[in-house]
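J.: Take a look at the following structure, please.
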Amino acid sequence: KMTLLLALVALISAFGSSFQYGYNVSVINSPAPYMQDFYNQTYFDRNGVPMDSGFQTLLWSLTVSMYPLGGLFGSLMVWPLVNNCGRKGTLLINNLFSIAAAVLMGTSELAKTFEVIILSRIIMGIYAGLASNVVPMFLGEMSPKNLRGAIGVVPQLFITIGILVAQILGLNSILGNAEGWPVLLGLTGIPSLIQLLILPFFPESPRYLLIQKGNEEQARQALQKLRGWDDVDDEIEEMRQEDRSEKEGEQFSVLSLCTFRGLRWQLISIVVMMMGQQLSGVNGVFYYADRIFQSAGVDTNNVQYVTVSIGAINVVMTLLAVFIVESLGRRILLLAGFGLCCLSCAVLTLALNLQTTVSWMSYLSIVCVIVYIIGHAIGASPIPFVMITEMFLQSSRPAAFMVGGSVHWLCNFTVGLVFLYMEAGLGPYSFLIFCAICLATIVYIFFIVPETKNKTFMEINKIMAKRNKVEIQEDKEELKDFHTVPGGQAEKKEISSSNL
């Protein structure tokens, strides 16, 4: 059952970390014109001449794209930090990045420097890169198996709430104006401050305590607090079993994870799902949304309110995913989510091409945007992070998050850079590329990704070991190769899978 403590841990870690990831994704959209004026004015005050328009475009694209680039750097820090400082410790250290960036951004106008904003976007990106990987790992390791999916979607829920809050505060009438934007950027430090004050009172991940620290007593106490009862022997035993199966192998580095045959399909699956998540065009759809609504006759001044309502749909559908992921399972949500995205990209291409000739096509394109966002919110956005937690055991999980997180941010960065050129060259046909990517992801998930609902990490590992064995057609002689890679772990997996 869900205990109060577990619910609080999920809320505080998601609010203190994931919320800000979402907040900073959309916080600079609304005040963009005022911030660009500030860049211009500062440049003029320093040099006595106005800024060249090419230079201004470069500065602004740096302001936008430094965030996902920082996210990539943050993802590369996941493995060393979570192994040395623990999951909770990493989240606490991470708050310092966010608070520093918030102070810098909030005071940038007073200090008359735009360089600080660009620097702060990198720092904020590092923060988001760590948060987007560590929170799902922390919560996934703390949750009982029957709630792991639901709690695993909570970080994504808070990302969408962060986006929505930034959209609301960014309305011209609130903070999205010439005076308010430094406050809008600086507010991001407040959730971090709250997390820094409250999170130390919560337990560390019991799996980390038992398997990596070898401290069964602390792990047992943490579990008893989280579960709300004293009898946690079954879960402790399951962790011990996982610990034993991994004893002879050391902690996986990213390199050993990438070359290790026993985890081949898990790794490919994570990379495919993360690429599908980011390359399915979600940034493109958000980017296009304003124009789609304008062409449908929404007044320019009201477009920002429509954007907020899209943000609200995103939150509501992600909240729905929290409640249905345990009953429907991960696979169904992934397939349905990518399926809706694929369909809406195809229809959107048609609608955008015909909207000048057929009057009602612009309304169809609005429907497509909404369907796309629903698809992304129930499957493509939240579930891949849940799957990384579930498909890997303790020794390989940090490295897996590092790989998955890096792919996530690298693709995010690429779409940000390439989309404007794609759109200039292909126009509405750019959505056909997204449609194809969604379709390819669906095919892969359908044939390769197993259902992980209600299974222990060991059970999921056995299913995947079987797949790794079937796919590579191992025979008994070839098992000797396995002794060279991290310890006897693979050997164990193979034995357990041959018993299946």
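In the structure tokens, each chain is lettered A, B, ... as it comes, each chain's residues begin at 1, and ligands are numbered from 1 in order of appearance.
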So that I can check the surroundings of A:Thr107, please list as a list in words every protein, DNA and RNA residue that reaches within 9 Å of it, counting only C-alpha atoms and ignoring chain neighbours fewer than 6 positions away.
T.: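 After dropping sequence-adjacent residues, the list is Pro182, Val183 and Gly186 of chain A.
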J.: Restricted to C-alpha atoms, what would the selected residues look like written as a JSON list (two decimals), in the first residue's frame?
T.:
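What landed in out-v3.json:
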[["chain", "number", "residue", "atom", "x", "y", "z"],
["A", 182, "PRO", "CA", 14.28, 38.34, -13.82],
["A", 183, "VAL", "CA", 11.89, 37.28, -11.01],
["A", 186, "GLY", "CA", 14.95, 33.44, -10.31]]
J.: For a quick check of understanding, using only C-alpha atoms, which of A:Ala100, A:Met422, A:Ile460, A:Leu164 has the smallest distance to A:Lys145?
T.: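 Closest residue, counting only C-alpha atoms: A:Ile460.
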J.: Identify, on the basis of only C-alpha atoms, every residue whose closest approach to A:Gly311 does not exceed 12 Å; exclude the query and any residue fewer than 5 positions from it along the same chain; express the result as a ChimeraX atom specification.
T.: /A:22-23,26,157-168,286,289,304-306,316-318,369-370,373-374,377
J.: When you count only C-alpha atoms, which of these residues is closest to A:Asp243: A:Asn283, A:Gln212, A:Asn24, A:Ser75?
T.: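 Looking at the shortest contact to A:Asp243, the residue is A:Gln212.
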J.: Within 7 Å of stretch 272-275 of chain A, counting only C-alpha atoms, which residues show up once you throw out same-chain ones fewer than 6 positions away? Write them as a list in words, please.
T.: Pro384, Gly404, Val407, His408, Cys411 and Thr441 of chain A
J.: If we count only C-alpha atoms and set the cut-off at 6 Å, which residues sit around stretch 124-141 of chain A, ignoring sequence neighbours fewer than 5 positions away in its own chain? Please answer as a PyMOL selection string.
T.: chain A and resi 17+21+67-68+70-71+73-75+78+87+94+97-98+148+152+389+401
J.: Just all heavy atoms for this one: save the residues we selected as a CSV table (one decimal), in the first residue's frame.
T.:
chain,number,residue,atom,x,y,z
A,17,SER,N,13.0,18.6,-7.6
A,17,SER,CA,13.9,18.3,-8.8
A,17,SER,C,13.2,18.3,-10.1
A,17,SER,O,13.5,19.2,-11.0
A,17,SER,CB,14.6,17.0,-8.5
A,17,SER,OG,15.4,17.1,-7.4
A,21,TYR,N,13.0,21.0,-13.7
A,21,TYR,CA,13.3,20.6,-15.1
A,21,TYR,C,12.2,21.1,-16.0
A,21,TYR,O,12.5,21.8,-17.0
A,21,TYR,CB,13.5,19.0,-15.1
A,21,TYR,CG,13.5,18.4,-16.5
A,21,TYR,CD1,13.9,19.1,-17.6
A,21,TYR,CD2,13.2,17.0,-16.6
A,21,TYR,CE1,13.9,18.5,-18.9
A,21,TYR,CE2,13.2,16.4,-17.9
A,21,TYR,CZ,13.6,17.2,-19.0
A,21,TYR,OH,13.6,16.6,-20.2
A,67,TYR,N,20.7,24.8,-22.3
A,67,TYR,CA,20.0,24.1,-21.3
A,67,TYR,C,20.1,22.6,-21.6
A,67,TYR,O,20.6,21.8,-20.7
A,67,TYR,CB,18.5,24.6,-21.2
A,67,TYR,CG,17.7,23.9,-20.2
A,67,TYR,CD1,18.0,24.0,-18.8
A,67,TYR,CD2,16.6,23.2,-20.5
A,67,TYR,CE1,17.2,23.4,-17.9
A,67,TYR,CE2,15.8,22.6,-19.6
A,67,TYR,CZ,16.1,22.7,-18.2
A,67,TYR,OH,15.3,22.1,-17.3
A,68,PRO,N,19.7,22.1,-22.8
A,68,PRO,CA,19.8,20.6,-23.0
A,68,PRO,C,21.3,20.2,-23.1
A,68,PRO,O,21.6,19.1,-22.7
A,68,PRO,CB,19.2,20.4,-24.4
A,68,PRO,CG,18.9,21.7,-25.0
A,68,PRO,CD,18.9,22.7,-23.9
A,70,GLY,N,23.7,21.4,-21.1
A,70,GLY,CA,24.0,21.2,-19.7
A,70,GLY,C,23.4,19.9,-19.2
A,70,GLY,O,24.0,19.2,-18.4
A,71,GLY,N,22.1,19.6,-19.7
A,71,GLY,CA,21.5,18.4,-19.3
A,71,GLY,C,22.3,17.1,-19.7
A,71,GLY,O,22.4,16.2,-18.9
A,73,PHE,N,25.7,17.2,-19.9
A,73,PHE,CA,26.8,17.1,-18.9
A,73,PHE,C,26.3,16.5,-17.6
A,73,PHE,O,27.0,15.8,-16.9
A,73,PHE,CB,27.3,18.5,-18.6
A,73,PHE,CG,28.0,19.2,-19.9
A,73,PHE,CD1,27.9,20.5,-20.1
A,73,PHE,CD2,28.6,18.4,-20.8
A,73,PHE,CE1,28.5,21.1,-21.2
A,73,PHE,CE2,29.2,18.9,-21.9
A,73,PHE,CZ,29.1,20.3,-22.1
A,74,GLY,N,25.1,17.0,-17.2
A,74,GLY,CA,24.5,16.5,-15.9
A,74,GLY,C,24.3,14.9,-15.9
A,74,GLY,O,24.6,14.3,-15.0
A,75,SER,N,23.9,14.4,-17.1
A,75,SER,CA,23.7,13.0,-17.2
A,75,SER,C,25.0,12.2,-17.1
A,75,SER,O,25.0,11.1,-16.6
A,75,SER,CB,23.0,12.6,-18.6
A,75,SER,OG,21.8,13.2,-18.7
A,78,VAL,N,25.9,11.4,-13.5
A,78,VAL,CA,25.0,10.5,-12.7
A,78,VAL,C,25.7,9.3,-12.1
A,78,VAL,O,25.6,9.1,-10.9
A,78,VAL,CB,23.8,10.0,-13.6
A,78,VAL,CG1,23.0,8.9,-12.8
A,78,VAL,CG2,22.9,11.1,-13.9
A,87,ARG,N,21.7,8.1,-3.6
A,87,ARG,CA,20.6,8.7,-4.4
A,87,ARG,C,20.2,10.0,-3.8
A,87,ARG,O,20.1,11.1,-4.4
A,87,ARG,CB,19.4,7.8,-4.6
A,87,ARG,CG,19.6,6.7,-5.6
A,87,ARG,CD,20.6,5.7,-5.3
A,87,ARG,NE,20.6,4.5,-6.2
A,87,ARG,CZ,21.7,3.9,-6.6
A,87,ARG,NH1,22.9,4.3,-6.2
A,87,ARG,NH2,21.6,2.8,-7.4
A,94,ASN,N,22.8,18.3,-5.7
A,94,ASN,CA,22.3,18.9,-6.9
A,94,ASN,C,21.6,20.2,-6.7
A,94,ASN,O,21.6,21.1,-7.6
A,94,ASN,CB,21.3,17.9,-7.6
A,94,ASN,CG,21.1,18.2,-9.1
A,94,ASN,OD1,21.9,18.9,-9.7
A,94,ASN,ND2,20.0,17.7,-9.6
A,97,PHE,N,23.4,23.5,-7.5
A,97,PHE,CA,23.5,24.0,-8.8
A,97,PHE,C,22.3,24.9,-9.1
A,97,PHE,O,22.4,26.0,-9.7
A,97,PHE,CB,23.4,22.9,-9.9
A,97,PHE,CG,24.7,22.1,-10.0
A,97,PHE,CD1,24.7,20.7,-9.6
A,97,PHE,CD2,25.8,22.6,-10.5
A,97,PHE,CE1,25.9,20.0,-9.7
A,97,PHE,CE2,27.0,21.9,-10.6
A,97,PHE,CZ,27.0,20.6,-10.2
A,98,SER,N,21.1,24.4,-8.7
A,98,SER,CA,19.9,25.2,-9.0
A,98,SER,C,19.8,26.5,-8.3
A,98,SER,O,19.4,27.5,-8.9
A,98,SER,CB,18.7,24.3,-8.6
A,98,SER,OG,17.5,25.1,-8.4
A,148,ARG,N,5.5,0.6,-8.3
A,148,ARG,CA,6.7,1.1,-8.9
A,148,ARG,C,6.4,2.0,-10.2
A,148,ARG,O,7.0,3.0,-10.4
A,148,ARG,CB,7.6,0.0,-9.3
A,148,ARG,CG,9.1,0.4,-9.3
A,148,ARG,CD,10.0,-0.8,-9.3
A,148,ARG,NE,9.5,-1.8,-10.3
A,148,ARG,CZ,9.5,-3.1,-10.2
A,148,ARG,NH1,9.9,-3.6,-9.1
A,148,ARG,NH2,9.2,-3.9,-11.2
A,152,GLY,N,6.8,5.8,-10.4
A,152,GLY,CA,7.8,6.2,-11.4
A,152,GLY,C,7.3,7.2,-12.4
A,152,GLY,O,8.1,7.9,-13.0
A,389,THR,N,14.7,2.0,-14.7
A,389,THR,CA,14.8,1.5,-13.3
A,389,THR,C,14.5,0.0,-13.3
A,389,THR,O,15.2,-0.8,-12.6
A,389,THR,CB,13.7,2.2,-12.5
A,389,THR,OG1,13.9,3.6,-12.6
A,389,THR,CG2,13.9,1.9,-11.0
A,401,PHE,N,21.2,4.6,-16.5
A,401,PHE,CA,20.6,5.9,-16.4
A,401,PHE,C,21.5,6.9,-17.1
A,401,PHE,O,21.1,7.9,-17.7
A,401,PHE,CB,20.3,6.3,-15.0
A,401,PHE,CG,18.9,6.1,-14.6
A,401,PHE,CD1,18.6,5.0,-13.8
A,401,PHE,CD2,17.9,6.9,-15.0
A,401,PHE,CE1,17.3,4.7,-13.4
A,401,PHE,CE2,16.6,6.6,-14.6
A,401,PHE,CZ,16.3,5.5,-13.8
J.: Residues of stretch 61-307 of chain A classed as helix (DSSP H, G or I) by DSSP on the backbone are to be reported as a PyMOL selection string.
T.: chain A and resi 61-76+78-107+115-142+148-169+181-186+189-201+206-212+216-227+233-246+254-259+261-279+282-295+300-307
J.: Set the distance at 12 Å and use only C-alpha atoms: which residues neighbour stretch 43-53 of chain A once local chain neighbours fewer than 5 positions away are removed? I'd like the list as an mmCIF file with all heavy atoms, in the first residue's frame.
T.:
data_model
loop_
_atom_site.group_PDB
_atom_site.id
_atom_site.type_symbol
_atom_site.label_atom_id
_atom_site.label_comp_id
_atom_site.auth_asym_id
_atom_site.auth_seq_id
_atom_site.Cartn_x
_atom_site.Cartn_y
_atom_site.Cartn_z
ATOM 1 N N GLN A 36 15.331 39.570 -25.042
ATOM 2 C CA GLN A 36 16.131 39.976 -26.205
ATOM 3 C C GLN A 36 16.349 41.495 -26.199
ATOM 4 O O GLN A 36 17.433 41.968 -26.545
ATOM 5 C CB GLN A 36 15.448 39.514 -27.494
ATOM 6 C CG GLN A 36 15.606 38.000 -27.673
ATOM 7 C CD GLN A 36 14.645 37.422 -28.702
ATOM 8 O OE1 GLN A 36 13.579 37.961 -28.956
ATOM 9 N NE2 GLN A 36 15.027 36.305 -29.297
ATOM 10 N N ASP A 37 15.337 42.251 -25.771
ATOM 11 C CA ASP A 37 15.504 43.712 -25.632
ATOM 12 C C ASP A 37 16.621 44.026 -24.634
ATOM 13 O O ASP A 37 17.423 44.934 -24.830
ATOM 14 C CB ASP A 37 14.205 44.373 -25.131
ATOM 15 C CG ASP A 37 13.122 44.350 -26.203
ATOM 16 O OD1 ASP A 37 13.465 44.099 -27.389
ATOM 17 O OD2 ASP A 37 11.935 44.566 -25.858
ATOM 18 N N PHE A 38 16.632 43.246 -23.536
ATOM 19 C CA PHE A 38 17.664 43.445 -22.504
ATOM 20 C C PHE A 38 19.054 43.149 -23.088
ATOM 21 O O PHE A 38 20.010 43.891 -22.840
ATOM 22 C CB PHE A 38 17.366 42.551 -21.299
ATOM 23 C CG PHE A 38 18.515 42.394 -20.344
ATOM 24 C CD1 PHE A 38 18.970 43.469 -19.582
ATOM 25 C CD2 PHE A 38 19.148 41.160 -20.189
ATOM 26 C CE1 PHE A 38 20.031 43.321 -18.701
ATOM 27 C CE2 PHE A 38 20.206 41.012 -19.305
ATOM 28 C CZ PHE A 38 20.652 42.088 -18.559
ATOM 29 N N LEU A 58 22.176 34.401 -32.667
ATOM 30 C CA LEU A 58 23.145 33.447 -32.112
ATOM 31 C C LEU A 58 23.041 33.422 -30.581
ATOM 32 O O LEU A 58 22.953 32.346 -29.972
ATOM 33 C CB LEU A 58 24.565 33.837 -32.524
ATOM 34 C CG LEU A 58 25.677 33.012 -31.848
ATOM 35 C CD1 LEU A 58 25.684 31.589 -32.396
ATOM 36 C CD2 LEU A 58 27.044 33.651 -32.030
ATOM 37 N N LEU A 59 23.002 34.613 -29.973
ATOM 38 C CA LEU A 59 22.922 34.681 -28.503
ATOM 39 C C LEU A 59 21.655 34.011 -27.992
ATOM 40 O O LEU A 59 21.670 33.308 -26.985
ATOM 41 C CB LEU A 59 22.938 36.139 -28.032
ATOM 42 C CG LEU A 59 24.298 36.814 -27.897
ATOM 43 C CD1 LEU A 59 24.132 38.227 -27.368
ATOM 44 C CD2 LEU A 59 25.226 36.026 -26.992
ATOM 45 N N TRP A 60 20.546 34.249 -28.718
ATOM 46 C CA TRP A 60 19.288 33.693 -28.229
ATOM 47 C C TRP A 60 19.271 32.176 -28.396
ATOM 48 O O TRP A 60 18.824 31.445 -27.519
ATOM 49 C CB TRP A 60 18.080 34.329 -28.931
ATOM 50 C CG TRP A 60 16.817 33.886 -28.254
ATOM 51 C CD1 TRP A 60 15.854 33.067 -28.749
ATOM 52 C CD2 TRP A 60 16.420 34.192 -26.909
ATOM 53 N NE1 TRP A 60 14.882 32.842 -27.807
ATOM 54 C CE2 TRP A 60 15.205 33.517 -26.673
ATOM 55 C CE3 TRP A 60 16.984 34.966 -25.893
ATOM 56 C CZ2 TRP A 60 14.534 33.601 -25.459
ATOM 57 C CZ3 TRP A 60 16.315 35.043 -24.677
ATOM 58 C CH2 TRP A 60 15.101 34.366 -24.477
ATOM 59 N N LYS A 112 23.551 43.953 -15.182
ATOM 60 C CA LYS A 112 23.647 44.317 -16.598
ATOM 61 C C LYS A 112 24.556 43.374 -17.382
ATOM 62 O O LYS A 112 25.486 43.785 -18.061
ATOM 63 C CB LYS A 112 24.145 45.765 -16.732
ATOM 64 C CG LYS A 112 23.256 46.787 -16.051
ATOM 65 C CD LYS A 112 23.128 48.039 -16.881
ATOM 66 C CE LYS A 112 22.129 49.056 -16.375
ATOM 67 N NZ LYS A 112 20.977 48.510 -15.680
ATOM 68 N N THR A 113 24.306 42.093 -17.245
ATOM 69 C CA THR A 113 25.096 41.118 -17.998
ATOM 70 C C THR A 113 24.205 40.002 -18.512
ATOM 71 O O THR A 113 23.481 39.369 -17.740
ATOM 72 C CB THR A 113 26.238 40.532 -17.128
ATOM 73 O OG1 THR A 113 26.677 39.323 -17.727
ATOM 74 C CG2 THR A 113 25.772 40.209 -15.711
ATOM 75 N N PHE A 114 24.250 39.783 -19.836
ATOM 76 C CA PHE A 114 23.464 38.681 -20.409
ATOM 77 C C PHE A 114 24.273 37.389 -20.463
ATOM 78 O O PHE A 114 23.728 36.309 -20.569
ATOM 79 C CB PHE A 114 22.914 39.036 -21.801
ATOM 80 C CG PHE A 114 23.951 39.535 -22.775
ATOM 81 C CD1 PHE A 114 24.833 38.651 -23.380
ATOM 82 C CD2 PHE A 114 24.035 40.883 -23.094
ATOM 83 C CE1 PHE A 114 25.790 39.105 -24.274
ATOM 84 C CE2 PHE A 114 24.990 41.342 -23.996
ATOM 85 C CZ PHE A 114 25.878 40.457 -24.591
ATOM 86 N N GLU A 115 25.626 37.525 -20.365
ATOM 87 C CA GLU A 115 26.458 36.315 -20.394
ATOM 88 C C GLU A 115 26.113 35.398 -19.226
ATOM 89 O O GLU A 115 26.142 34.181 -19.349
ATOM 90 C CB GLU A 115 27.954 36.677 -20.323
ATOM 91 C CG GLU A 115 28.494 37.393 -21.533
ATOM 92 C CD GLU A 115 28.290 38.910 -21.486
ATOM 93 O OE1 GLU A 115 27.592 39.413 -20.573
ATOM 94 O OE2 GLU A 115 28.841 39.585 -22.359
#
J.: So that I can see what lies close to stretch 291-296 of chain A, please list as a list of chain:residue names the residues with an atom at most 9 Å from it, counting only C-alpha atoms and leaving out residues fewer than 2 positions away in the same chain.
T.: A:Tyr287, A:Tyr288, A:Ala289, A:Val298, A:Asp299, A:Thr300, A:Val303, A:Val306, A:Leu352, A:Gln355, A:Ser359, A:Trp360, A:Met361, A:Ser362, A:Tyr363, A:Ser365, A:Ile366, A:Val369
J.: With distances taken over only C-alpha atoms, which residue among A:Arg121, A:Arg244, A:Lys455, A:Arg261 lies nearest A:Ser61?
T.: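 Selected residue with least distance to A:Ser61: A:Arg121.
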J.: Using Å and a single decimal, report how far atom CA of A:Trp181 sits from atom CA of A:Leu104.
T.: 13.1 Å
J.: Could you state the separation of atom CA of A:Ile122 and atom CA of A:Leu69 in Å, given to one decimal place?
T.: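 Computing it gives 6.9 Å between the two atoms.
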J.: Measuring atom to atom with only C-alpha atoms, identify which of A:Cys258, A:Ile313, A:Leu4, A:Ile332 is nearest to A:Ile445.
T.: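 Counting only C-alpha atoms, the residue closest to A:Ile445 is A:Ile332.
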J.: Point out the residue among A:Thr452, A:Thr357, A:Ser253, A:Ser381 with the least atom-to-atom distance to A:Ser396, counting only C-alpha atoms.
T.: A:Ser253
